[in-house]
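Contents: one structure, followed by commentary.
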Amino acid sequence: MGDLLQTILAKYNYWIYIILMMIGLYAMIVKNNLIKKILGMNIFQTAIILFYVSIGVKKGGTIPIIEHTHGAGPHIVHAADYINPLPHVLMLTAIVVSVATLGVALALGIKIYNRFNTLEEDEILTQLREK
Amino acid sequence: MDIAVTVLLICGLIFFAGGTLGILRFPDFYSRLHPAGKLDTLGLLFGMMAFALFNLHHFSVGTLLTSLKILLIVVFAFLASPTATHAIVDAGVRAGLSPWKKGEKRR
Amino acid sequence: MAIGPDHSHIGSHSRNWCHYSQGPAGFRYSIWCLQLHDVSSLVYHGGSGRGIHRGHRRGWCQHGIFCCGRFQNNKEDKGLKAIGLIIALLTGGLLIYATVDFPAYGDPKSAASTHVSPRYIEKSMEETDVPNVVTSVLADYRGYDTMFETTVIFSAGVVCFILLRIFRPEEPEERFYRHTLTGMILTVKETKTMPSRLEEFERIDTIWTPHDLIIKTLCRFLVPFIQLFALYVIAHGHHSPGGGFQGGVMLGASFIVLAMSHDLRTATQRMGEKINALLCASGVFIYAGTGALCLLLGANFLDYKALASVLHVDSVMARSYGIFIVEIGVGIAVMATMIRIYNNVSSKGRYDEGL
């Protein structure tokens with residue numbers, strides 16, 4: 001029991017974000033409206049971003065901005081005092097990509113609506129089959 | 001100084017709690033917007049005043065500037081939050097929502 | 001244009017308080033007048049186009065708000081729901097099983113924090129004189145990556161433009177002009193020569209809500225402060241959280257606030273479409289141009305040490321200034337793309353009526 005509690009305390013951040021990812025995946029598969037699918041994709045992307053950022057946390061570390069006084073000389077910096085900045089950097093790229101994908105997906109949604117007059121997937125499939 | 005900070009913080013918390021209670025308990029869209037808009041903004045004022053006062057523990061020009069910047073946050077929140085509430089109410093009126101009258105059931 | 005008080009549906013807000021009636025030439029329009037105001041504040045809502053939403057059971061209204069209460073007719077069939085749930089649970093279970101090998105939360109000796117990352121943290125101040133390690137890694141140590149990221153966002157703006165922009169749309173059959181003094185709305189049918197702004201009349205959108213003084217004034221007042229703060233965030237990316245992307249988004253948001261509170265034509269007068277496209281491309285050009293300049297000066301691509309001879313500083317400060325220049329480029333590109341995506345998506349490519 002203590003062992004299980006230990007495991008949960010060590011890994012609960014990954015589990016929370018995996019649950020959020022699965023909510024996004026479920027929305028992408030199941031929902032009928034195209035806009036809801038797009039939002040599910042956005043939830044999925046946000047969960048992945050949070051997942052990565054949570055990997056870089058260090059116990060007792062502070063934000064990765066080096067403490068410096070104005071004009072002072074260089075002093076020794078210990079890496080254990082600051083949290084890992086690399087996942088933050090990679091996730092900035094991921095956020096930008098997710099915004100770009102959202103913009104393009106909405107533009108495609110508008111084109112689909114102009115063509116089919118509906119945004120529901122089953123009606124679109126019906127119209128396609130009738131062709 | 002510490003007593004003033006604590007009193008201001010507790011006042012702010014009372015306003016926030018009252019606002020939350022109001023949102024949960026009021027019967028109508030329009031009446032729910034009253035606590036949401038007003039009490040939250042006022043609670044923000046008290047909270048930020050408490051932070052600004054706490055910042056002035058060791059008095060210097062730097063900390064004075066920081067406290068003034070914190071009070072600037074309050075100025076912008078006072079401008080923006082009531083406008084947002086006004087926009088929400090306006091949208092509700094335009095959509096045709098009628099206000100609640102005494103005796104109707106809770107919406 | 002029939003204006004009558006019998007179309008009011010006050011109090012039935014829960015379902016179906018739009019009244020749809022067949023108008024001339026296939027138009028559907030719904031007029032609801034507010035009993036709380038007088039007739040002068042009528043809201044005219046006109047549909048446009050080609051017999052849209054026949055039953056109006058599902059989907060969105062043309063203006064994008066849920067004006068019809070009975071729209072959730074989610075016909076997701078049960079089989080798909082079950083399959084989706086099983087897939088999600090299976091994938092989630094597999095991923096949770098895989099986290100057994102992961103390092104514990106907050107472990108300073110985890111594999112992610114040991115190889116390159118301590119070197120970046122320890123050497124960032126003395127090699128680049130930038131305290132914000134995230135900015136120095138983003139723009140200097142991993143600058144090639146960030147350049148292509150800027151290109152990605154530029155191409156997203158270009159894609160939205162290519163997909164949606166219609167340069168010569170079919171003219172709408174009616175335009176609406178509003179007399180500013182009395183508030184009366186004129187419907188002008190299709191004529192050949194129609195100016196867009198007359199003396200006492202202003203052209204309004206199809207879905208138009210009356211001039212709201214408070215929101216217009218406040219948004220006009222707040223826009224310079226938003227822009228100032230955005231420029232502060234870009235410029236202080238070295239010393240505080242921030243940088244090019246964050247500041248660029250806020251700059252773009254300031255124009256979008258203008259477009260939302262006034263109408264799209266006002267915002268397009270401030271930031272024209274051609275200038276916007278030029279800015280978007282020039283942001284990427286600044287970034288790649290800095291890299292090429294370093295190449296021309298003899299060092300590697302995007303190796304900012306070579307800028308020391310151009311800027312007359314030592315090589316450590318040259319890296320700091322190089323980071324600053326590329327952050328400016330990123331900020332400009334992101335701002336222009338945000339405005340472009342908003343303009344194209346909200347007006348469906350026509351640039352005449354926004355949200």
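In the structure tokens, the first chain shown is A, the next is B, and so on; residue numbers restart at 1 for each chain, and ligands run from 1 in the order shown.
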
Could you please tell me, as a VMD selection string, which residues of chain C have an atom within 7 Å of chain A when using only C-alpha atoms?
chain C and resid 52 to 53 59 74 76 80 to 81 84 to 85 88 92 96 104 to 108 112 to 113 117 to 118 121 to 122 126 131 to 134 138 149 153 156 159 to 160 163 to 164 341 345

Once you count only C-alpha atoms, which residues of chain B turn out to be within 8 Å of chain C? Could you give them as a PyMOL selection string?
chain B and resi 79-80+83+87+93-94+96-98

File of the preceding selection, N, CA and C atoms, as an mmCIF file, in the first residue's frame:
data_model
loop_
_atom_site.group_PDB
_atom_site.id
_atom_site.type_symbol
_atom_site.label_atom_id
_atom_site.label_comp_id
_atom_site.auth_asym_id
_atom_site.auth_seq_id
_atom_site.Cartn_x
_atom_site.Cartn_y
_atom_site.Cartn_z
ATOM 1 N N LEU B 79 -11.250 49.315 -15.299
ATOM 2 C CA LEU B 79 -11.754 49.729 -16.607
ATOM 3 C C LEU B 79 -12.380 48.564 -17.342
ATOM 4 N N ALA B 80 -11.719 47.427 -17.299
ATOM 5 C CA ALA B 80 -12.100 46.356 -18.225
ATOM 6 C C ALA B 80 -13.225 45.483 -17.701
ATOM 7 N N THR B 83 -16.816 46.798 -18.070
ATOM 8 C CA THR B 83 -17.176 46.841 -19.491
ATOM 9 C C THR B 83 -17.548 45.464 -19.987
ATOM 10 N N ALA B 87 -21.048 44.299 -21.536
ATOM 11 C CA ALA B 87 -21.210 43.662 -22.851
ATOM 12 C C ALA B 87 -22.046 42.388 -22.737
ATOM 13 N N VAL B 93 -29.731 41.195 -23.341
ATOM 14 C CA VAL B 93 -30.916 41.996 -23.656
ATOM 15 C C VAL B 93 -31.225 41.907 -25.130
ATOM 16 N N ARG B 94 -30.187 41.973 -25.959
ATOM 17 C CA ARG B 94 -30.419 41.912 -27.389
ATOM 18 C C ARG B 94 -30.958 40.582 -27.821
ATOM 19 N N GLY B 96 -32.976 38.857 -26.168
ATOM 20 C CA GLY B 96 -34.386 38.785 -25.819
ATOM 21 C C GLY B 96 -34.667 38.141 -24.489
ATOM 22 N N LEU B 97 -33.664 38.055 -23.649
ATOM 23 C CA LEU B 97 -33.887 37.417 -22.364
ATOM 24 C C LEU B 97 -34.618 38.380 -21.447
ATOM 25 N N SER B 98 -35.676 37.948 -20.849
ATOM 26 C CA SER B 98 -36.436 38.861 -19.998
ATOM 27 C C SER B 98 -36.009 38.665 -18.562
#

Need to verify the contact set: Leu65 in chain B, 12 Å, only C-alpha atoms, exclusion of same-chain residues closer than 4 positions in sequence. Can you return it as a PDB file with N, CA and C atoms, in the first residue's frame?
ATOM      1  N   ALA B  52       0.329  45.399  -2.369  1.00  0.00           N
ATOM      2  CA  ALA B  52       1.157  46.597  -2.504  1.00  0.00           C
ATOM      3  C   ALA B  52       1.705  47.021  -1.145  1.00  0.00           C
ATOM      4  N   LEU B  53       0.874  46.919  -0.106  1.00  0.00           N
ATOM      5  CA  LEU B  53       1.321  47.285   1.233  1.00  0.00           C
ATOM      6  C   LEU B  53       2.362  46.305   1.749  1.00  0.00           C
ATOM      7  N   ASN B  55       4.446  44.720  -0.005  1.00  0.00           N
ATOM      8  CA  ASN B  55       5.685  44.917  -0.727  1.00  0.00           C
ATOM      9  C   ASN B  55       6.531  46.026  -0.127  1.00  0.00           C
ATOM     10  N   LEU B  56       5.862  46.950   0.625  1.00  0.00           N
ATOM     11  CA  LEU B  56       6.577  48.101   1.140  1.00  0.00           C
ATOM     12  C   LEU B  56       7.247  47.823   2.464  1.00  0.00           C
ATOM     13  N   PHE B  59      11.387  49.758   2.802  1.00  0.00           N
ATOM     14  CA  PHE B  59      10.980  50.874   1.969  1.00  0.00           C
ATOM     15  C   PHE B  59      12.142  51.348   1.118  1.00  0.00           C
ATOM     16  N   SER B  60      11.970  51.355  -0.187  1.00  0.00           N
ATOM     17  CA  SER B  60      12.994  51.943  -1.063  1.00  0.00           C
ATOM     18  C   SER B  60      12.279  52.368  -2.338  1.00  0.00           C
ATOM     19  N   VAL B  61      12.992  53.036  -3.201  1.00  0.00           N
ATOM     20  CA  VAL B  61      12.355  53.533  -4.426  1.00  0.00           C
ATOM     21  C   VAL B  61      11.895  52.360  -5.281  1.00  0.00           C
ATOM     22  N   LYS B  69       3.046  49.877  -9.535  1.00  0.00           N
ATOM     23  CA  LYS B  69       2.662  49.070 -10.692  1.00  0.00           C
ATOM     24  C   LYS B  69       1.532  48.121 -10.330  1.00  0.00           C
ATOM     25  N   ILE B  70       1.577  47.618  -9.079  1.00  0.00           N
ATOM     26  CA  ILE B  70       0.481  46.730  -8.664  1.00  0.00           C
ATOM     27  C   ILE B  70      -0.828  47.507  -8.653  1.00  0.00           C
ATOM     28  N   LEU B  71      -0.790  48.764  -8.200  1.00  0.00           N
ATOM     29  CA  LEU B  71      -2.030  49.543  -8.192  1.00  0.00           C
ATOM     30  C   LEU B  71      -2.484  49.872  -9.611  1.00  0.00           C
ATOM     31  N   LEU B  72      -1.526  49.920 -10.557  1.00  0.00           N
ATOM     32  CA  LEU B  72      -1.914  50.151 -11.956  1.00  0.00           C
ATOM     33  C   LEU B  72      -2.742  48.988 -12.495  1.00  0.00           C
TER      34      LEU B  72
END

Would you work out the distance separating CA of Val158 in chain C from CA of Leu279 in chain C, expressed in Å to one decimal?
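Rounded to one decimal, the two atoms are 12.4 Å apart.
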
Shell of 9 Å around Gly19 in chain B, only C-alpha atoms, local chain residues under 3 positions omitted, as an NGL selection string:
:B and (14-16 or 22-24 or 34-40 or 43)

Which neighbours of Met147 in chain C fall inside 9 Å, counting only C-alpha atoms, when residues of the same chain fewer than 6 positions from it are skipped, and could you give them as a list in words?
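My reading of the contact set: Ala139, Val284, Tyr287, Ala288, Val326 and Val330 of chain C.
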
Next, dump the selected residues to file, keeping only N, CA, C and O atoms, as a PDB file, in the first residue's frame.
ATOM      1  N   ALA C 139      16.529  31.169 -29.088  1.00  0.00           N
ATOM      2  CA  ALA C 139      16.936  32.023 -30.189  1.00  0.00           C
ATOM      3  C   ALA C 139      18.404  31.877 -30.543  1.00  0.00           C
ATOM      4  O   ALA C 139      18.808  32.339 -31.595  1.00  0.00           O
ATOM      5  N   VAL C 284       9.866  37.040 -41.221  1.00  0.00           N
ATOM      6  CA  VAL C 284      10.680  35.861 -41.532  1.00  0.00           C
ATOM      7  C   VAL C 284      11.975  36.291 -42.200  1.00  0.00           C
ATOM      8  O   VAL C 284      13.047  35.718 -41.971  1.00  0.00           O
ATOM      9  N   TYR C 287      14.588  37.353 -39.715  1.00  0.00           N
ATOM     10  CA  TYR C 287      15.216  36.222 -39.049  1.00  0.00           C
ATOM     11  C   TYR C 287      16.235  35.544 -39.965  1.00  0.00           C
ATOM     12  O   TYR C 287      17.412  35.391 -39.631  1.00  0.00           O
ATOM     13  N   ALA C 288      15.784  35.162 -41.154  1.00  0.00           N
ATOM     14  CA  ALA C 288      16.697  34.457 -42.054  1.00  0.00           C
ATOM     15  C   ALA C 288      17.808  35.376 -42.531  1.00  0.00           C
ATOM     16  O   ALA C 288      18.935  34.938 -42.772  1.00  0.00           O
ATOM     17  N   VAL C 326      16.491  38.811 -33.734  1.00  0.00           N
ATOM     18  CA  VAL C 326      15.618  37.765 -34.253  1.00  0.00           C
ATOM     19  C   VAL C 326      14.305  37.728 -33.487  1.00  0.00           C
ATOM     20  O   VAL C 326      13.263  37.379 -34.054  1.00  0.00           O
ATOM     21  N   VAL C 330      10.584  37.673 -35.120  1.00  0.00           N
ATOM     22  CA  VAL C 330       9.546  36.712 -34.761  1.00  0.00           C
ATOM     23  C   VAL C 330       8.279  37.430 -34.333  1.00  0.00           C
ATOM     24  O   VAL C 330       7.168  37.061 -34.724  1.00  0.00           O
TER      25      VAL C 330
END

Name the residues of chain B that come out as alpha helix (DSSP H) in a backbone DSSP run; write them as a PyMOL selection string.
chain B and resi 2-25+29-34+40-55+61-95

Compile the contact shell of range 254-268 of chain C as number ranges by chain: residues with an atom at most 8 Å away, counting only C-alpha atoms, same-chain residues fewer than 6 positions apart removed.
C: 215-216, 219-220, 223, 226-227, 339, 342-343, 351-355

Could you state the separation of CA of Asp90 in chain B and CA of Thr41 in chain B in Å, given to one decimal place?
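Separation between CA of Asp90 in chain B and CA of Thr41 in chain B: 19.2 Å.
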
Close residues, Cys11 in chain B itself excluded, 12 Å, only C-alpha atoms, min 2 positions apart in chain, as a ChimeraX atom specification:
/B:4-9,13-18,39-40,42-50

Mind writing the picked residues with N, CA, C and O atoms as a short mmCIF file (atom, residue, chain, number, x, y, z; two decimals), in the first residue's frame?
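That gives us result.cif:
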data_model
loop_
_atom_site.label_atom_id
_atom_site.label_comp_id
_atom_site.auth_asym_id
_atom_site.auth_seq_id
_atom_site.Cartn_x
_atom_site.Cartn_y
_atom_site.Cartn_z
N ALA B 4 -2.49 45.59 9.02
CA ALA B 4 -3.22 46.21 7.91
C ALA B 4 -3.29 45.27 6.71
O ALA B 4 -4.34 45.14 6.06
N VAL B 5 -2.17 44.61 6.43
CA VAL B 5 -2.15 43.68 5.29
C VAL B 5 -3.15 42.56 5.52
O VAL B 5 -3.94 42.19 4.63
N THR B 6 -3.16 42.02 6.73
CA THR B 6 -4.08 40.90 7.00
C THR B 6 -5.53 41.35 6.90
O THR B 6 -6.37 40.64 6.34
N VAL B 7 -5.80 42.55 7.43
CA VAL B 7 -7.20 43.01 7.38
C VAL B 7 -7.64 43.21 5.95
O VAL B 7 -8.75 42.81 5.55
N LEU B 8 -6.76 43.80 5.14
CA LEU B 8 -7.14 44.02 3.74
C LEU B 8 -7.35 42.70 3.00
O LEU B 8 -8.29 42.54 2.21
N LEU B 9 -6.47 41.74 3.26
CA LEU B 9 -6.62 40.45 2.60
C LEU B 9 -7.92 39.77 2.98
O LEU B 9 -8.61 39.19 2.14
N LEU B 13 -11.00 38.62 0.63
CA LEU B 13 -11.52 37.26 0.57
C LEU B 13 -13.01 37.22 0.84
O LEU B 13 -13.75 36.43 0.25
N ILE B 14 -13.47 38.11 1.74
CA ILE B 14 -14.91 38.15 2.02
C ILE B 14 -15.67 38.55 0.76
O ILE B 14 -16.69 37.94 0.41
N PHE B 15 -15.13 39.54 0.05
CA PHE B 15 -15.83 39.97 -1.16
C PHE B 15 -15.85 38.88 -2.22
O PHE B 15 -16.87 38.64 -2.88
N PHE B 16 -14.71 38.20 -2.38
CA PHE B 16 -14.68 37.13 -3.38
C PHE B 16 -15.65 36.02 -3.03
O PHE B 16 -16.36 35.47 -3.87
N ALA B 17 -15.65 35.65 -1.71
CA ALA B 17 -16.55 34.57 -1.30
C ALA B 17 -18.00 34.96 -1.49
O ALA B 17 -18.82 34.16 -1.96
N GLY B 18 -18.32 36.23 -1.16
CA GLY B 18 -19.69 36.69 -1.38
C GLY B 18 -20.07 36.65 -2.84
O GLY B 18 -21.19 36.29 -3.21
N LEU B 39 -18.54 42.35 -7.29
CA LEU B 39 -17.81 41.88 -6.12
C LEU B 39 -16.43 41.39 -6.48
O LEU B 39 -15.47 41.58 -5.72
N ASP B 40 -16.28 40.78 -7.66
CA ASP B 40 -14.95 40.33 -8.05
C ASP B 40 -13.99 41.50 -8.22
O ASP B 40 -12.83 41.44 -7.81
N LEU B 42 -14.15 44.44 -6.79
CA LEU B 42 -13.82 45.06 -5.51
C LEU B 42 -12.88 44.17 -4.69
O LEU B 42 -11.97 44.66 -4.03
N GLY B 43 -13.09 42.86 -4.76
CA GLY B 43 -12.18 41.96 -4.06
C GLY B 43 -10.78 42.07 -4.61
O GLY B 43 -9.79 41.99 -3.88
N LEU B 44 -10.69 42.28 -5.94
CA LEU B 44 -9.37 42.47 -6.55
C LEU B 44 -8.72 43.73 -6.00
O LEU B 44 -7.51 43.75 -5.71
N LEU B 45 -9.51 44.80 -5.82
CA LEU B 45 -8.93 46.03 -5.30
C LEU B 45 -8.32 45.81 -3.93
O LEU B 45 -7.17 46.19 -3.66
N PHE B 46 -9.07 45.14 -3.04
CA PHE B 46 -8.55 44.95 -1.68
C PHE B 46 -7.34 44.03 -1.66
O PHE B 46 -6.36 44.25 -0.95
N GLY B 47 -7.41 42.97 -2.50
CA GLY B 47 -6.28 42.05 -2.53
C GLY B 47 -5.02 42.74 -3.02
O GLY B 47 -3.93 42.58 -2.46
N MET B 48 -5.16 43.53 -4.09
CA MET B 48 -3.97 44.19 -4.63
C MET B 48 -3.45 45.25 -3.68
O MET B 48 -2.23 45.48 -3.60
N MET B 49 -4.35 45.92 -2.94
CA MET B 49 -3.86 46.89 -1.96
C MET B 49 -3.07 46.18 -0.87
O MET B 49 -2.04 46.69 -0.39
N ALA B 50 -3.53 44.99 -0.50
CA ALA B 50 -2.78 44.22 0.50
C ALA B 50 -1.40 43.85 -0.03
O ALA B 50 -0.40 43.96 0.68
#
